[in-house]
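One file, work_8.tsv, carrying TSV, C-alpha atoms and all ligand atoms:
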```tsv
chain	number	residue	atom	x	y	z
C	1	MET	CA	11.05	9.38	-8.78
C	2	THR	CA	11.57	11.52	-11.90
C	3	ARG	CA	8.82	12.67	-14.23
C	4	LEU	CA	10.02	10.11	-16.80
C	5	ASP	CA	9.65	7.29	-14.21
C	6	THR	CA	6.08	8.46	-13.55
C	7	LEU	CA	5.29	8.36	-17.26
C	8	ARG	CA	6.61	4.79	-17.54
C	9	GLY	CA	4.78	3.46	-14.49
C	10	PRO	CA	6.11	0.61	-12.32
C	11	ALA	CA	7.80	-1.30	-15.20
C	12	ALA	CA	11.61	-1.36	-15.18
C	13	PRO	CA	13.19	0.94	-17.79
C	14	LEU	CA	14.13	-0.83	-20.98
C	15	ASP	CA	17.83	-1.05	-21.75
C	16	HIS	CA	19.11	0.33	-25.01
C	17	ASN	CA	21.39	-1.52	-27.39
C	18	ALA	CA	23.19	-0.37	-30.52
C	19	ARG	CA	20.17	-1.21	-32.68
C	20	THR	CA	17.78	0.87	-30.54
C	21	ILE	CA	20.24	3.74	-30.24
C	22	ALA	CA	20.95	3.66	-33.97
C	23	ALA	CA	17.22	3.77	-34.68
C	24	LEU	CA	17.01	7.09	-32.78
C	25	ALA	CA	18.90	8.70	-35.62
C	26	VAL	CA	16.42	7.54	-38.28
C	27	ASN	CA	13.77	10.05	-37.23
C	28	PRO	CA	15.45	12.70	-35.09
C	29	GLY	CA	12.50	15.09	-35.38
C	30	CYS	CA	10.01	12.83	-33.60
C	31	ASP	CA	9.10	13.99	-30.07
C	32	ARG	CA	7.09	10.84	-29.41
C	33	ARG	CA	10.00	8.49	-29.94
C	34	ALA	CA	12.41	10.78	-28.06
C	35	LEU	CA	10.10	10.81	-25.03
C	36	LEU	CA	9.24	7.08	-25.02
C	37	ASP	CA	12.94	6.20	-25.33
C	38	ALA	CA	14.06	8.71	-22.72
C	39	ALA	CA	11.55	7.19	-20.29
C	40	GLY	CA	12.79	3.67	-21.13
C	41	ILE	CA	9.28	2.61	-22.18
C	42	ASP	CA	8.94	-0.74	-23.94
C	43	LYS	CA	7.60	0.44	-27.32
C	44	GLN	CA	7.08	-3.12	-28.51
C	45	ARG	CA	4.69	-3.88	-25.62
C	46	THR	CA	3.04	-0.47	-25.91
C	47	ALA	CA	2.38	-0.93	-29.64
C	48	THR	CA	0.98	-4.42	-29.01
C	49	HIS	CA	-1.31	-3.06	-26.25
C	50	LEU	CA	-2.57	-0.40	-28.68
C	51	GLY	CA	-3.39	-3.12	-31.22
C	52	TYR	CA	-0.51	-2.35	-33.59
C	53	PRO	CA	2.31	-4.87	-32.91
C	54	ALA	CA	5.66	-4.05	-34.50
C	55	PRO	CA	6.03	-5.26	-38.09
C	56	PHE	CA	9.60	-6.48	-37.78
C	57	GLY	CA	11.93	-8.82	-35.93
C	58	GLN	CA	14.69	-11.20	-36.93
C	59	SER	CA	13.73	-14.74	-37.99
C	60	PRO	CA	15.41	-17.69	-36.20
C	61	PHE	CA	16.98	-18.61	-39.58
C	62	ALA	CA	18.54	-15.15	-39.93
C	63	ILE	CA	19.86	-15.29	-36.33
C	64	THR	CA	21.50	-18.71	-36.94
C	65	ARG	CA	22.99	-17.56	-40.24
C	66	ALA	CA	24.40	-14.42	-38.62
C	67	ALA	CA	25.94	-16.43	-35.76
C	68	SER	CA	27.61	-18.96	-38.08
C	69	PHE	CA	29.05	-16.23	-40.34
C	70	ASP	CA	30.34	-14.36	-37.29
C	71	ALA	CA	32.02	-17.56	-36.00
C	72	LEU	CA	33.60	-18.16	-39.42
C	73	VAL	CA	35.14	-14.68	-39.60
C	74	LYS	CA	36.44	-14.87	-36.03
C	75	ALA	CA	37.73	-18.48	-36.16
C	76	ASN	CA	41.36	-19.07	-35.16
C	77	GLY	CA	41.91	-15.68	-33.57
C	78	CYS	CA	40.28	-13.81	-36.48
C	79	ALA	CA	42.54	-15.41	-39.12
C	80	HIS	CA	39.95	-14.76	-41.88
C	81	LEU	CA	39.53	-11.19	-40.77
C	82	LEU	CA	43.27	-10.51	-40.80
C	83	ARG	CA	43.56	-11.91	-44.32
C	84	LEU	CA	40.73	-9.62	-45.40
C	85	LEU	CA	42.27	-6.58	-43.77
C	86	ARG	CA	45.56	-7.35	-45.51
C	87	ASP	CA	44.21	-8.33	-48.95
C	88	THR	CA	40.97	-6.46	-49.46
C	89	LEU	CA	41.91	-3.27	-47.70
C	90	ASP	CA	45.59	-3.52	-48.53
C	91	LEU	CA	46.76	-2.95	-44.97
C	92	SER	CA	50.26	-3.86	-43.95
C	93	ILE	CA	49.64	-5.80	-40.77
C	94	SER	CA	52.73	-7.75	-39.84
C	95	GLU	CA	51.86	-9.27	-36.48
C	96	ALA	CA	48.53	-9.18	-34.78
C	97	SER	CA	47.45	-9.85	-31.23
C	98	TYR	CA	43.89	-10.86	-30.39
C	99	SER	CA	42.06	-10.24	-27.09
C	100	ASP	CA	38.59	-11.64	-26.46
C	101	ILE	CA	36.78	-9.59	-23.81
C	102	SER	CA	33.50	-11.58	-23.88
C	103	ASP	CA	34.42	-12.66	-20.35
C	104	VAL	CA	37.17	-11.77	-17.93
C	105	GLY	CA	38.59	-14.72	-16.00
C	106	GLY	CA	35.29	-16.57	-16.42
C	107	SER	CA	33.17	-13.58	-15.31
C	108	ASP	CA	30.79	-11.96	-17.79
C	109	ASN	CA	29.83	-9.22	-15.33
C	110	HIS	CA	29.31	-6.00	-17.31
C	111	GLN	CA	31.23	-3.74	-14.97
C	112	VAL	CA	34.21	-6.13	-14.91
C	113	ARG	CA	34.22	-6.46	-18.70
C	114	HIS	CA	33.88	-2.73	-19.19
C	115	THR	CA	36.78	-2.04	-16.83
C	116	ARG	CA	38.90	-4.59	-18.69
C	117	THR	CA	37.91	-3.03	-22.04
C	118	ARG	CA	38.99	0.41	-20.81
C	119	ALA	CA	42.29	-0.89	-19.51
C	120	LEU	CA	43.17	-2.82	-22.68
C	121	LEU	CA	42.21	-0.03	-25.07
C	122	LYS	CA	43.99	2.59	-23.01
C	123	ARG	CA	47.16	0.53	-22.95
C	124	ALA	CA	46.93	-0.14	-26.70
C	125	ALA	CA	46.39	3.57	-27.42
C	126	SER	CA	49.22	4.66	-25.16
C	127	ASP	CA	51.80	1.96	-25.94
C	128	GLY	CA	51.15	1.66	-29.69
C	129	GLU	CA	50.31	-1.22	-31.98
C	130	GLY	CA	52.45	-3.78	-30.18
C	131	ALA	CA	50.10	-3.47	-27.19
C	132	GLY	CA	47.05	-4.69	-29.08
C	133	THR	CA	45.59	-5.12	-32.57
C	134	LEU	CA	42.20	-6.86	-32.31
C	135	PHE	CA	39.77	-6.57	-29.40
C	136	ASP	CA	36.74	-8.84	-29.67
C	137	HIS	CA	33.50	-8.03	-27.77
C	138	PRO	CA	34.72	-4.82	-26.13
C	139	LEU	CA	32.01	-3.79	-23.66
C	140	LEU	CA	31.25	-0.10	-24.14
C	141	LYS	CA	29.13	2.42	-22.26
C	142	LEU	CA	27.11	5.38	-23.51
C	143	GLY	CA	25.11	8.12	-21.80
C	144	VAL	CA	21.50	8.01	-23.06
C	145	ALA	CA	18.89	10.37	-21.66
C	146	GLY	CA	20.88	11.01	-18.52
C	147	HIS	CA	21.79	7.44	-17.68
C	148	GLN	CA	24.63	5.16	-18.73
C	149	VAL	CA	23.80	2.11	-20.83
C	150	TYR	CA	26.13	-0.76	-21.67
C	151	LEU	CA	26.57	-1.67	-25.31
C	152	GLU	CA	27.07	-5.37	-25.84
C	153	PRO	CA	28.63	-5.35	-29.27
C	154	ALA	CA	29.44	-8.27	-31.53
C	155	ILE	CA	32.14	-6.08	-32.97
C	156	ILE	CA	35.87	-5.89	-32.93
C	157	ALA	CA	37.97	-2.84	-32.29
C	158	PHE	CA	41.00	-2.93	-34.56
C	159	GLN	CA	44.14	-0.82	-34.27
C	160	ILE	CA	46.50	0.01	-37.10
C	161	GLU	CA	49.14	2.74	-37.09
C	162	GLY	CA	47.69	4.29	-33.96
C	163	ARG	CA	44.15	4.57	-35.39
C	164	PHE	CA	41.28	2.43	-34.14
C	165	HIS	CA	38.53	1.11	-36.38
C	166	VAL	CA	35.27	-0.59	-35.56
C	167	VAL	CA	34.83	-3.88	-37.44
C	168	GLU	CA	31.17	-4.80	-37.98
C	169	ILE	CA	30.31	-8.31	-39.19
C	170	LYS	CA	26.96	-8.63	-40.98
C	171	SER	CA	25.44	-11.66	-42.67
C	172	PHE	CA	23.65	-9.92	-45.57
C	173	ALA	CA	25.25	-10.76	-48.91
C	174	VAL	CA	27.28	-8.52	-51.20
C	175	ILE	CA	26.46	-9.65	-54.73
C	176	ASP	CA	28.51	-8.29	-57.65
C	177	ASP	CA	29.90	-5.67	-55.26
C	178	GLN	CA	26.39	-4.45	-54.44
C	179	ALA	CA	24.50	-4.89	-51.16
C	180	ASP	CA	20.98	-4.01	-50.13
C	181	ALA	CA	21.05	-0.24	-49.54
C	182	GLY	CA	18.66	-0.42	-46.57
C	183	GLN	CA	20.79	-3.03	-44.80
C	184	VAL	CA	24.00	-1.11	-45.46
C	185	ALA	CA	22.38	2.05	-44.09
C	186	ALA	CA	21.24	0.18	-40.95
C	187	ALA	CA	24.74	-1.27	-40.50
C	188	ALA	CA	26.25	2.22	-40.87
C	189	ARG	CA	23.89	3.62	-38.21
C	190	GLN	CA	24.72	0.80	-35.79
C	191	SER	CA	28.45	1.05	-36.38
C	192	ALA	CA	28.24	4.79	-35.78
C	193	VAL	CA	26.90	4.04	-32.28
C	194	TYR	CA	30.02	1.98	-31.54
C	195	VAL	CA	32.34	4.63	-32.98
C	196	TYR	CA	30.55	7.22	-30.84
C	197	ALA	CA	30.84	5.09	-27.68
C	198	LEU	CA	34.48	4.26	-28.39
C	199	ARG	CA	35.27	7.95	-28.86
C	200	ALA	CA	33.50	8.72	-25.57
C	201	LEU	CA	35.66	6.09	-23.85
C	202	PHE	CA	38.82	7.62	-25.33
C	203	ALA	CA	37.78	11.12	-24.25
C	204	SER	CA	37.05	9.95	-20.70
C	205	GLU	CA	40.54	8.44	-20.53
C	206	GLY	CA	42.17	11.69	-21.67
C	207	LEU	CA	42.97	10.24	-25.13
C	208	ASP	CA	42.25	11.96	-28.43
C	209	PRO	CA	38.76	10.72	-29.54
C	210	ASP	CA	39.69	11.33	-33.19
C	211	ARG	CA	42.01	8.35	-32.99
C	212	VAL	CA	38.82	6.33	-33.46
C	213	SER	CA	38.25	6.46	-37.19
C	214	HIS	CA	34.93	7.32	-38.84
C	215	ASP	CA	35.78	4.62	-41.40
C	216	VAL	CA	34.22	1.38	-40.23
C	217	VAL	CA	35.28	-2.00	-41.65
C	218	LEU	CA	32.13	-3.80	-42.81
C	219	VAL	CA	32.53	-7.56	-43.32
C	220	CYS	CA	29.82	-9.45	-45.25
C	221	PRO	CA	29.51	-12.74	-47.20
C	222	LYS	CA	30.45	-12.35	-50.87
C	223	ASP	CA	28.09	-13.43	-53.64
C	224	PHE	CA	26.18	-16.64	-52.88
C	225	ALA	CA	29.01	-18.34	-50.99
C	226	ASN	CA	29.92	-17.76	-47.37
C	227	HIS	CA	33.30	-16.18	-48.17
C	228	PRO	CA	33.79	-12.94	-46.27
C	229	THR	CA	34.58	-9.69	-48.03
C	230	ALA	CA	35.46	-6.36	-46.40
C	231	THR	CA	34.80	-2.77	-47.32
C	232	LEU	CA	35.24	0.60	-45.61
C	233	LEU	CA	32.11	2.51	-44.64
C	234	ASP	CA	32.27	6.24	-43.85
C	235	VAL	CA	29.84	6.91	-40.97
C	236	ARG	CA	30.41	10.66	-40.45
C	237	GLN	CA	26.87	11.55	-41.43
C	238	GLN	CA	25.41	8.93	-39.08
C	239	LEU	CA	27.65	10.20	-36.24
C	240	ALA	CA	26.33	13.74	-36.71
C	241	ALA	CA	22.70	12.54	-36.70
C	242	LEU	CA	23.33	10.42	-33.61
C	243	ASP	CA	24.97	13.31	-31.80
C	244	ARG	CA	21.94	15.53	-32.54
C	245	GLN	CA	19.49	12.91	-31.34
C	246	LEU	CA	21.37	12.03	-28.16
C	247	SER	CA	21.58	15.69	-27.19
C	248	ARG	CA	17.83	15.98	-27.82
C	249	LEU	CA	17.25	13.12	-25.39
C	250	THR	CA	19.13	14.93	-22.67
C	251	ARG	CA	17.05	18.05	-23.34
C	252	ILE	CA	13.74	16.31	-23.00
C	253	ASP	CA	12.35	18.98	-20.64
C	254	ARG	CA	10.71	20.95	-23.47
C	255	ILE	CA	8.59	17.93	-24.48
C	256	LEU	CA	7.76	17.18	-20.85
C	257	ASP	CA	6.63	20.76	-20.29
C	258	GLU	CA	4.06	20.47	-23.08
C	259	LEU	CA	2.44	17.31	-21.69
C	260	PRO	CA	-0.97	17.47	-20.00
C	261	VAL	CA	-0.80	17.27	-16.21
C	262	GLY	CA	-1.19	13.78	-14.73
C	263	ILE	CA	-0.61	11.90	-17.98
C	264	THR	CA	0.92	8.41	-17.95
C	265	PHE	CA	1.95	5.84	-20.56
C	266	ASP	CA	1.65	2.96	-18.10
C	267	ILE	CA	-0.14	0.29	-20.19
C	268	GLU	CA	-1.00	-1.83	-17.14
C	269	ALA	CA	-3.12	1.00	-15.75
C	270	GLN	CA	-4.97	1.92	-18.97
C	271	SER	CA	-7.24	0.39	-21.58
C	272	PRO	CA	-5.90	0.40	-25.16
C	273	ASP	CA	-8.09	3.42	-25.98
C	274	GLU	CA	-6.90	5.38	-22.96
C	275	ALA	CA	-3.26	4.49	-23.71
C	276	ALA	CA	-3.73	5.51	-27.38
C	277	LYS	CA	-5.09	8.90	-26.30
C	278	ALA	CA	-2.14	9.38	-23.95
C	279	VAL	CA	0.40	8.47	-26.62
C	280	SER	CA	-1.32	10.77	-29.14
C	281	THR	CA	-0.76	13.79	-26.90
C	282	VAL	CA	2.92	13.72	-27.93
C	283	ASP	CA	3.70	14.93	-31.46
C	284	ALA	CA	4.93	12.29	-33.88
C	285	ARG	CA	6.59	12.74	-37.27
C	286	PHE	CA	5.74	9.57	-39.10
C	287	ALA	CA	7.90	8.80	-42.12
C	288	PRO	CA	7.90	5.61	-44.20
C	289	GLU	CA	11.38	4.84	-42.75
C	290	CYS	CA	9.70	4.32	-39.36
C	291	LEU	CA	8.31	1.02	-40.67
C	292	SER	CA	11.73	-0.59	-40.46
C	293	SER	CA	13.09	1.16	-37.40
C	294	CYS	CA	10.46	1.96	-34.78
C	295	GLU	CA	8.12	-0.40	-32.95
C	296	MET	CA	5.37	2.25	-32.92
C	297	ALA	CA	5.30	2.48	-36.72
C	298	LEU	CA	1.91	0.87	-37.45
C	299	PHE	CA	0.17	2.95	-34.78
C	300	CYS	CA	1.75	6.19	-36.00
C	301	ARG	CA	1.03	5.35	-39.63
C	302	ALA	CA	-2.66	4.74	-38.88
C	303	GLU	CA	-2.80	8.00	-36.93
C	304	ALA	CA	-1.12	9.95	-39.76
C	305	ARG	CA	-3.45	8.38	-42.32
C	306	ASP	CA	-6.58	9.18	-40.28
C	307	SER	CA	-5.54	12.80	-39.89
C	308	GLY	CA	-4.60	13.15	-43.57
C	309	SER	CA	-1.13	14.26	-42.48
C	310	THR	CA	1.49	15.05	-45.13
C	311	ASP	CA	3.81	12.81	-43.06
C	312	MET	CA	2.31	9.93	-45.05
C	313	LEU	CA	4.01	11.23	-48.20
C	314	GLY	CA	7.54	10.76	-46.87
C	315	ARG	CA	10.08	13.20	-45.55
C	316	THR	CA	11.04	14.85	-48.85
C	317	ALA	CA	7.47	15.67	-49.88
C	318	ARG	CA	6.59	16.76	-46.33
C	319	ASP	CA	9.56	19.10	-46.15
C	320	GLU	CA	8.77	20.58	-49.57
C	321	LEU	CA	5.22	21.19	-48.39
C	322	GLY	CA	6.59	23.09	-45.38
C	323	GLY	CA	3.76	24.89	-43.56
C	324	VAL	CA	1.06	22.67	-45.07
C	325	GLU	CA	0.23	20.02	-42.50
C	326	SER	CA	-2.46	17.97	-44.23
C	327	ILE	CA	-3.05	16.40	-47.63
C	328	PRO	CA	-6.61	17.89	-47.94
C	329	THR	CA	-5.13	21.36	-47.33
C	330	ALA	CA	-2.46	20.77	-50.02
C	331	LEU	CA	-5.13	19.62	-52.49
C	332	GLY	CA	-7.38	22.60	-51.62
C	333	LEU	CA	-4.51	25.05	-52.22
C	334	ALA	CA	-3.64	23.32	-55.49
C	335	ASP	CA	-7.16	23.55	-56.97
C	336	ASP	CA	-7.82	27.02	-55.52
C	337	SER	CA	-10.74	25.82	-53.40
C	338	ARG	CA	-8.90	26.99	-50.29
C	339	LEU	CA	-7.45	30.41	-49.53
C	340	PRO	CA	-3.78	30.29	-48.50
C	341	SER	CA	-2.64	31.93	-45.26
C	342	PRO	CA	0.12	34.56	-45.73
C	343	GLU	CA	2.78	31.88	-44.93
C	344	GLN	CA	1.25	29.52	-47.49
C	345	THR	CA	1.18	31.94	-50.43
C	346	GLU	CA	4.40	30.72	-52.01
C	347	ILE	CA	3.73	27.00	-51.62
C	348	ALA	CA	0.13	27.53	-52.88
C	349	GLU	CA	1.50	29.12	-56.05
C	350	GLN	CA	3.83	26.16	-56.59
C	351	LEU	CA	1.03	23.66	-55.97
C	352	ARG	CA	-1.24	25.41	-58.51
C	353	TYR	CA	1.61	25.37	-61.03
C	354	VAL	CA	2.23	21.64	-60.48
C	355	ARG	CA	-1.50	20.97	-60.83
C	356	ARG	CA	-1.64	22.86	-64.16
C	357	ILE	CA	1.28	20.81	-65.50
C	358	TYR	CA	-0.30	17.61	-64.28
C	359	ILE	CA	-3.63	18.41	-65.97
C	360	GLU	CA	-1.88	19.32	-69.23
C	361	ALA	CA	0.19	16.12	-69.12
C	362	VAL	CA	-2.86	13.95	-68.47
C	363	ALA	CA	-4.87	15.73	-71.18
Q	1	LIG	S1	6.99	5.31	-35.61
Q	1	LIG	FE1	6.04	7.00	-34.55
Q	1	LIG	S2	7.13	7.19	-32.62
Q	1	LIG	FE2	8.39	5.95	-33.96
Q	1	LIG	S3	9.78	7.42	-34.91
Q	1	LIG	FE3	8.06	7.14	-36.31
Q	1	LIG	S4	6.61	8.74	-35.80
Q	1	LIG	FE4	8.07	8.60	-34.10
```
I'd like the structure from this file rewritten - as structure tokens, please.
Ligand code: SF4
Amino acid sequence: MTRLDTLRGPAAPLDHNARTIAALAVNPGCDRRALLDAAGIDKQRTATHLGYPAPFGQSPFAITRAASFDALVKANGCAHLLRLLRDTLDLSISEASYSDISDVGGSDNHQVRHTRTRALLKRAASDGEGAGTLFDHPLLKLGVAGHQVYLEPAIIAFQIEGRFHVVEIKSFAVIDDQADAGQVAAAARQSAVYVYALRALFASEGLDPDRVSHDVVLVCPKDFANHPTATLLDVRQQLAALDRQLSRLTRIDRILDELPVGITFDIEAQSPDEAAKAVSTVDARFAPECLSSCEMALFCRAEARDSGSTDMLGRTARDELGGVESIPTALGLADDSRLPSPEQTEIAEQLRYVRRIYIEAVA
């Protein structure tokens, strides 16, 4: 049994999916999330046990809407999608083949589907476009915190001129060529996970990973109708963040070394207070973005608020206040009621300056 298994207790480790892996990149500086995820701990159940259930989840209406839009785009061997790729993105696709890998000969076994995915993509990459254009539900694998997880994507891998693109279908609307920035950002993070996993598959087959493009095709409903529209999304930034976070998860030893001896996060064995104390021994870096991406958000927000942490102010303000950990300290430095340490001299000067301007403006 590894140290991470001991931390989790007897519960089975929670599987990751693209959403959970993508969420890792939202707050790469947080040790708490890195550790809980590396140990496969169910953060949703942990947060509920602590009295702070997660503030998000998809409504049944949203799930139904997403499924019907997905079916529309993929109907008749992805006829809609091909039209979009030709018209909207101006691609010259003459003939297109379509392979659905959601089951293989009636079997939906993950290993079988993954093997089939590898074989089809390898053949398509080696033999060129004629060997495959659209691959629906490719089953991918990714190494997370030292173990391999399957990614069950609702995506399509699409090949044109020897380059492969991930096609992500989302049901949020694009109105007047504008979409909700938060939803686009979440889609970009999730798509980056698929690009990353697809590149890993190519590398393991001795193929050039760069043949998987960082440009993802995002398909959404246009305006208030259900007509699909497509756009290209560059996910290079998200890939870099994901790479950083995944390598942090495999170097979890530093965080483990700092933990008190004998600690566990097993919620079955502890009262909510005991579990809260255990969780609080691992440093968190709360940021407002956590509220839409991490199940522990309400617990961490309450903790940051109680401690007066500058984390509450958001990442930009926190980074600009580098070296000043709490809001009372920042206020004390600004009004000169607190002496700055040598490292705080510069930021104290800036805070006093900002305070002077603020007082003048108010006066
Ligand atoms: S909610 Fe808490 S555990 Fe999750 S990423 Fe934010 S600070 Fe870390």
Let me have all residues with an atom within 10 Å of ligand LIG 1 (chain Q), counting all atoms listed in the file, laid out as a PyMOL selection string.
-> chain C and resi 23-37+43+47+54+279-280+282-304+311
Of the residues C:Leu84, C:Ile93, C:Ile156, C:Leu256, which is the one nearest to C:Thr229, using all atoms listed in the file?
->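 Of the candidates, the smallest distance to C:Thr229 is held by C:Leu84.
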What does the distance from atom CA of C:Asp243 to atom CA of C:Pro153 come to in Å, to one decimal?
-> 19.2 Å
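Note that the spacing between atom CA of C:Ala269 and atom CA of C:Leu50 amounts to 13.0 Å.
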Atom CA of C:Ala348 to atom CA of C:Leu321, distance in Å rounded to a single decimal =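 Going from atom CA of C:Ala348 over to atom CA of C:Leu321, I get 9.3 Å.
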